[in-house]
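Student: mmCIF, C-alpha atoms, saved as entry-v5.cif, coming up:
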data_protein
#
loop_
_atom_site.group_PDB
_atom_site.id
_atom_site.type_symbol
_atom_site.label_atom_id
_atom_site.label_comp_id
_atom_site.auth_asym_id
_atom_site.auth_seq_id
_atom_site.Cartn_x
_atom_site.Cartn_y
_atom_site.Cartn_z
ATOM 1 C CA MET A 1 73.206 101.694 81.410
ATOM 2 C CA LYS A 2 73.203 102.290 85.150
ATOM 3 C CA SER A 3 76.394 103.351 86.777
ATOM 4 C CA ARG A 4 77.483 102.571 90.291
ATOM 5 C CA LEU A 5 79.107 105.177 92.499
ATOM 6 C CA PHE A 6 81.908 104.393 94.907
ATOM 7 C CA LEU A 7 83.237 106.603 97.661
ATOM 8 C CA VAL A 8 86.984 106.065 97.944
ATOM 9 C CA LYS A 9 89.116 107.416 100.771
ATOM 10 C CA PHE A 10 92.851 107.909 100.345
ATOM 11 C CA THR A 11 94.991 108.739 103.374
ATOM 12 C CA ILE A 12 98.155 110.467 102.234
ATOM 13 C CA PRO A 13 101.046 110.743 104.703
ATOM 14 C CA LEU A 14 103.181 113.851 104.486
ATOM 15 C CA ILE A 15 106.500 113.848 106.292
ATOM 16 C CA LYS A 16 108.307 116.998 107.299
ATOM 17 C CA LEU A 17 111.894 116.720 108.473
ATOM 18 C CA LYS A 18 113.019 119.058 111.245
ATOM 19 C CA LYS A 19 116.733 119.479 111.753
ATOM 20 C CA SER A 20 118.199 120.387 115.104
ATOM 21 C CA LEU A 21 121.835 120.436 116.125
ATOM 22 C CA ASN A 22 122.350 116.705 116.659
ATOM 23 C CA ASN A 23 119.362 114.927 115.175
ATOM 24 C CA ILE A 24 116.610 114.937 112.619
ATOM 25 C CA LYS A 25 112.998 114.549 113.704
ATOM 26 C CA LYS A 26 110.039 113.573 111.550
ATOM 27 C CA GLU A 27 106.677 115.235 111.853
ATOM 28 C CA TYR A 28 103.775 113.338 110.328
ATOM 29 C CA LEU A 29 100.735 114.988 108.844
ATOM 30 C CA TYR A 30 97.977 112.936 107.263
ATOM 31 C CA ILE A 31 95.598 114.243 104.639
ATOM 32 C CA ASP A 32 92.353 112.409 103.878
ATOM 33 C CA LEU A 33 91.247 112.683 100.267
ATOM 34 C CA TYR A 34 87.764 111.543 99.302
ATOM 35 C CA CYS A 35 86.798 110.758 95.711
ATOM 36 C CA ILE A 36 83.525 109.654 94.198
ATOM 37 C CA LEU A 37 84.083 107.312 91.300
ATOM 38 C CA GLY A 38 81.360 106.223 88.924
ATOM 39 C CA PHE A 39 81.537 103.043 86.869
ATOM 40 C CA SER A 40 79.080 101.410 84.559
ATOM 41 C CA LYS A 41 78.544 97.701 85.118
ATOM 42 C CA LYS A 42 80.577 96.936 81.965
ATOM 43 C CA GLU A 43 83.552 99.080 83.110
ATOM 44 C CA GLU A 44 83.416 97.474 86.539
ATOM 45 C CA ASN A 45 83.522 93.980 85.013
ATOM 46 C CA LEU A 46 86.472 94.940 82.806
ATOM 47 C CA ALA A 47 88.372 96.252 85.813
ATOM 48 C CA MET A 48 87.640 93.109 87.819
ATOM 49 C CA ASN A 49 88.730 90.848 84.943
ATOM 50 C CA ARG A 50 92.014 92.742 84.639
ATOM 51 C CA LYS A 51 92.675 92.070 88.317
ATOM 52 C CA ARG A 52 91.865 88.391 87.956
ATOM 53 C CA ASN A 53 93.864 87.810 84.748
ATOM 54 C CA PRO A 54 97.150 89.703 85.102
ATOM 55 C CA GLY A 55 98.794 87.447 82.494
ATOM 56 C CA LYS A 56 96.622 88.939 79.754
ATOM 57 C CA ASN A 57 97.561 92.547 80.566
ATOM 58 C CA PRO A 58 99.330 94.045 77.509
ATOM 59 C CA ASP A 59 101.291 96.446 79.743
ATOM 60 C CA LEU A 60 103.274 93.586 81.251
ATOM 61 C CA GLU A 61 106.478 92.340 79.660
ATOM 62 C CA LYS A 62 106.022 89.781 76.901
ATOM 63 C CA VAL A 63 108.547 87.340 78.348
ATOM 64 C CA PRO A 64 109.042 87.985 82.085
ATOM 65 C CA ASP A 65 111.948 85.550 82.404
ATOM 66 C CA SER A 66 114.024 87.103 79.598
ATOM 67 C CA GLY A 67 117.203 88.285 81.307
ATOM 68 C CA LYS A 68 118.119 88.557 84.938
ATOM 69 C CA ASP A 69 116.885 91.322 87.214
ATOM 70 C CA TYR A 70 119.614 93.384 88.854
ATOM 71 C CA SER A 71 119.549 95.710 91.857
ATOM 72 C CA LEU A 72 120.888 99.246 92.017
ATOM 73 C CA VAL A 73 122.369 99.534 95.515
ATOM 74 C CA LEU A 74 123.078 102.855 97.212
ATOM 75 C CA HIS A 75 125.855 102.732 99.837
ATOM 76 C CA ASP A 76 126.332 104.994 102.852
ATOM 77 C CA ASP A 77 128.932 107.739 102.882
ATOM 78 C CA ASP A 78 129.749 110.496 105.336
ATOM 79 C CA ILE A 79 129.964 113.189 102.675
ATOM 80 C CA HIS A 80 126.412 113.918 101.502
ATOM 81 C CA ASP A 81 123.507 115.143 103.620
ATOM 82 C CA PHE A 82 119.984 113.738 103.644
ATOM 83 C CA THR A 83 118.427 116.384 101.419
ATOM 84 C CA TYR A 84 121.059 115.938 98.699
ATOM 85 C CA VAL A 85 120.537 112.153 98.594
ATOM 86 C CA ILE A 86 116.733 112.494 98.701
ATOM 87 C CA ASP A 87 116.751 115.018 95.845
ATOM 88 C CA SER A 88 119.089 112.785 93.817
ATOM 89 C CA LEU A 89 116.810 109.744 94.228
ATOM 90 C CA ILE A 90 113.766 111.793 93.218
ATOM 91 C CA ASP A 91 115.486 113.248 90.144
ATOM 92 C CA ILE A 92 117.297 110.179 88.859
ATOM 93 C CA CYS A 93 115.403 107.115 90.103
ATOM 94 C CA ASP A 94 111.886 108.633 89.856
ATOM 95 C CA HIS A 95 111.175 108.042 93.533
ATOM 96 C CA ASP A 96 108.449 109.969 95.276
ATOM 97 C CA LEU A 97 109.352 111.945 98.393
ATOM 98 C CA VAL A 98 108.376 109.257 100.911
ATOM 99 C CA GLN A 99 110.196 106.475 99.057
ATOM 100 C CA ALA A 100 113.357 108.590 98.713
ATOM 101 C CA GLU A 101 113.300 109.458 102.421
ATOM 102 C CA GLN A 102 112.834 105.821 103.411
ATOM 103 C CA CYS A 103 115.716 104.681 101.197
ATOM 104 C CA THR A 104 117.936 107.425 102.617
ATOM 105 C CA TYR A 105 117.198 106.374 106.194
ATOM 106 C CA ILE A 106 117.797 102.699 105.389
ATOM 107 C CA VAL A 107 121.157 103.595 103.823
ATOM 108 C CA HIS A 108 122.080 105.714 106.837
ATOM 109 C CA TYR A 109 121.239 103.065 109.447
ATOM 110 C CA ARG A 110 122.017 99.817 107.577
ATOM 111 C CA GLY A 111 124.811 100.945 105.273
ATOM 112 C CA GLU A 112 123.096 100.155 101.968
ATOM 113 C CA CYS A 113 119.715 99.902 100.281
ATOM 114 C CA ASP A 114 118.364 98.514 97.006
ATOM 115 C CA VAL A 115 116.926 101.676 95.464
ATOM 116 C CA LYS A 116 115.815 100.157 92.155
ATOM 117 C CA THR A 117 115.529 96.731 90.530
ATOM 118 C CA GLY A 118 115.281 95.937 86.842
ATOM 119 C CA LYS A 119 117.210 95.051 83.726
ATOM 120 C CA TYR A 120 120.899 95.929 83.569
ATOM 121 C CA GLU A 121 120.526 98.384 80.668
ATOM 122 C CA GLN A 122 117.889 100.401 82.549
ATOM 123 C CA LEU A 123 119.927 100.539 85.758
ATOM 124 C CA LYS A 124 123.203 101.445 84.051
ATOM 125 C CA ALA A 125 121.962 104.943 83.097
ATOM 126 C CA MET A 126 120.783 105.591 86.678
ATOM 127 C CA TYR A 127 124.075 104.213 88.002
ATOM 128 C CA ASN A 128 126.098 106.622 85.844
ATOM 129 C CA SER A 129 123.948 109.607 86.866
ATOM 130 C CA LEU A 130 124.264 108.800 90.585
ATOM 131 C CA ILE A 131 128.051 108.368 90.200
ATOM 132 C CA GLU A 132 128.211 111.795 88.505
ATOM 133 C CA LYS A 133 126.460 113.273 91.562
ATOM 134 C CA GLY A 134 129.179 111.743 93.761
ATOM 135 C CA LEU A 135 127.080 109.037 95.406
ATOM 136 C CA THR A 136 128.421 105.543 96.035
ATOM 137 C CA VAL A 137 126.343 102.963 94.145
ATOM 138 C CA SER A 138 126.741 99.488 92.701
ATOM 139 C CA ILE A 139 124.771 97.115 90.502
ATOM 140 C CA ASN A 140 124.349 93.608 91.920
#
As structure tokens - that is how I would like this structure written.
Tutor:
Amino acid sequence: MKSRLFLVKFTIPLIKLKKSLNNIKKEYLYIDLYCILGFSKKEENLAMNRKRNPGKNPDLEKVPDSGKDYSLVLHDDDIHDFTYVIDSLIDICDHDLVQAEQCTYIVHYRGECDVKTGKYEQLKAMYNSLIEKGLTVSIN
């Protein structure tokens, strides 16, 4: 079976925060990552069919409408610094660095941010952990 090769380019943004006396500045650095991926025609067709038929994906929930989705909302406070909140979101909510930084900035400038959505039981454990760290959160 012949396989087809694809050259894929990923541009990964890295953000470095610089603190000065009165403000925080972001420095952006972009890394280009190139990968060569090889697929047989059969594997390529399977991948394309998965994209076209998301309803038949076994990884998705069986009944998507069972139960209501809730939001875990992080509220602004004047107690914790950016790095503490970012580290808490990475540890507890499984955010990556960029997502945690973005949520932290949204909370700082808008007063609140939905940091996670899902079923109530899943969010309750994260809620309790964030409360233990002293952050102000709610489930809506």
Student: Separation of atom CA of A:Ile90 and atom CA of A:Thr104, in Å?
Tutor: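 Those two atoms sit 11.2 Å apart.
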Student: Could you pull the residues within 12 Å of A:Tyr127, counting all atoms listed in the file, minus those fewer than 6 positions along the same chain, as an NGL selection string?
Tutor: :A and (70-74 or 88-89 or 92-93 or 115-117 or 120-121 or 133-140)
Student: Export C-alpha atoms of the chosen residues as a compact mmCIF listing (two decimals), in the coordinates of the input?
Tutor:
# COMPACT_ATOMS: atom_id res chain seq x y z
CA TYR A 70 119.61 93.38 88.85
CA SER A 71 119.55 95.71 91.86
CA LEU A 72 120.89 99.25 92.02
CA VAL A 73 122.37 99.53 95.52
CA LEU A 74 123.08 102.86 97.21
CA SER A 88 119.09 112.78 93.82
CA LEU A 89 116.81 109.74 94.23
CA ILE A 92 117.30 110.18 88.86
CA CYS A 93 115.40 107.12 90.10
CA VAL A 115 116.93 101.68 95.46
CA LYS A 116 115.82 100.16 92.16
CA THR A 117 115.53 96.73 90.53
CA TYR A 120 120.90 95.93 83.57
CA GLU A 121 120.53 98.38 80.67
CA LYS A 133 126.46 113.27 91.56
CA GLY A 134 129.18 111.74 93.76
CA LEU A 135 127.08 109.04 95.41
CA THR A 136 128.42 105.54 96.04
CA VAL A 137 126.34 102.96 94.14
CA SER A 138 126.74 99.49 92.70
CA ILE A 139 124.77 97.12 90.50
CA ASN A 140 124.35 93.61 91.92
Student: Since I can't run it myself right now, could you work out what the PyMOL selection byres ((chain A and resi 81) around 12) selects here and report it as a list in words?
Tutor: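 Written out, the selection comes to Lys19, Ile24, Asp76, Asp77, Asp78, Ile79, His80, Phe82, Thr83, Tyr84, Val85, Ile86, Asp87, Ser88, Glu101, Thr104, Tyr105, Val107, His108, Gly134 and Leu135 of chain A.
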Student: Keeping only C-alpha atoms, write those residues as a short mmCIF file (atom, residue, chain, number, x, y, z; two decimals), in the frame of the given file.
Tutor:
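Wrote it out as again-v2.cif, contents follow:
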data_model
loop_
_atom_site.label_atom_id
_atom_site.label_comp_id
_atom_site.auth_asym_id
_atom_site.auth_seq_id
_atom_site.Cartn_x
_atom_site.Cartn_y
_atom_site.Cartn_z
CA LYS A 19 116.73 119.48 111.75
CA ILE A 24 116.61 114.94 112.62
CA ASP A 76 126.33 104.99 102.85
CA ASP A 77 128.93 107.74 102.88
CA ASP A 78 129.75 110.50 105.34
CA ILE A 79 129.96 113.19 102.68
CA HIS A 80 126.41 113.92 101.50
CA PHE A 82 119.98 113.74 103.64
CA THR A 83 118.43 116.38 101.42
CA TYR A 84 121.06 115.94 98.70
CA VAL A 85 120.54 112.15 98.59
CA ILE A 86 116.73 112.49 98.70
CA ASP A 87 116.75 115.02 95.84
CA SER A 88 119.09 112.78 93.82
CA GLU A 101 113.30 109.46 102.42
CA THR A 104 117.94 107.42 102.62
CA TYR A 105 117.20 106.37 106.19
CA VAL A 107 121.16 103.60 103.82
CA HIS A 108 122.08 105.71 106.84
CA GLY A 134 129.18 111.74 93.76
CA LEU A 135 127.08 109.04 95.41
#
Student: Using atom CA of A:Asp94 and atom CA of A:Lys124 as the two end points, give the distance in Å to one decimal.
Tutor: 14.6 Å
Student: From the options A:Cys113, A:Asn128, A:Lys68, A:Thr11, which residue's atoms come nearest to A:Leu33, counting all atoms listed in the file?
Tutor: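 Closest candidate: A:Thr11.
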Student: So how many Å separate atom CA of A:Tyr109 and atom CA of A:His75, to one decimal?
Tutor: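 Computing the Euclidean distance for atom CA of A:Tyr109 and atom CA of A:His75 yields 10.7 Å.
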Student: For stretch 104-120 of chain A, what centre and edge lengths in Å (one decimal) does the axis-aligned box get once 4 Å is added on each side of all its listed atoms, as AutoDock Vina command-line options?
Tutor:
--center_x 120.0 --center_y 101.2 --center_z 96.5 --size_x 17.5 --size_y 20.4 --size_z 33.9
Student: Using all atoms listed in the file for the distances, tell me which of A:Asp32, A:Asp91, A:Asp96, A:Gly111 is nearest to A:Met126.
Tutor: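 Ranked by minimum distance to A:Met126, first place goes to A:Asp91.
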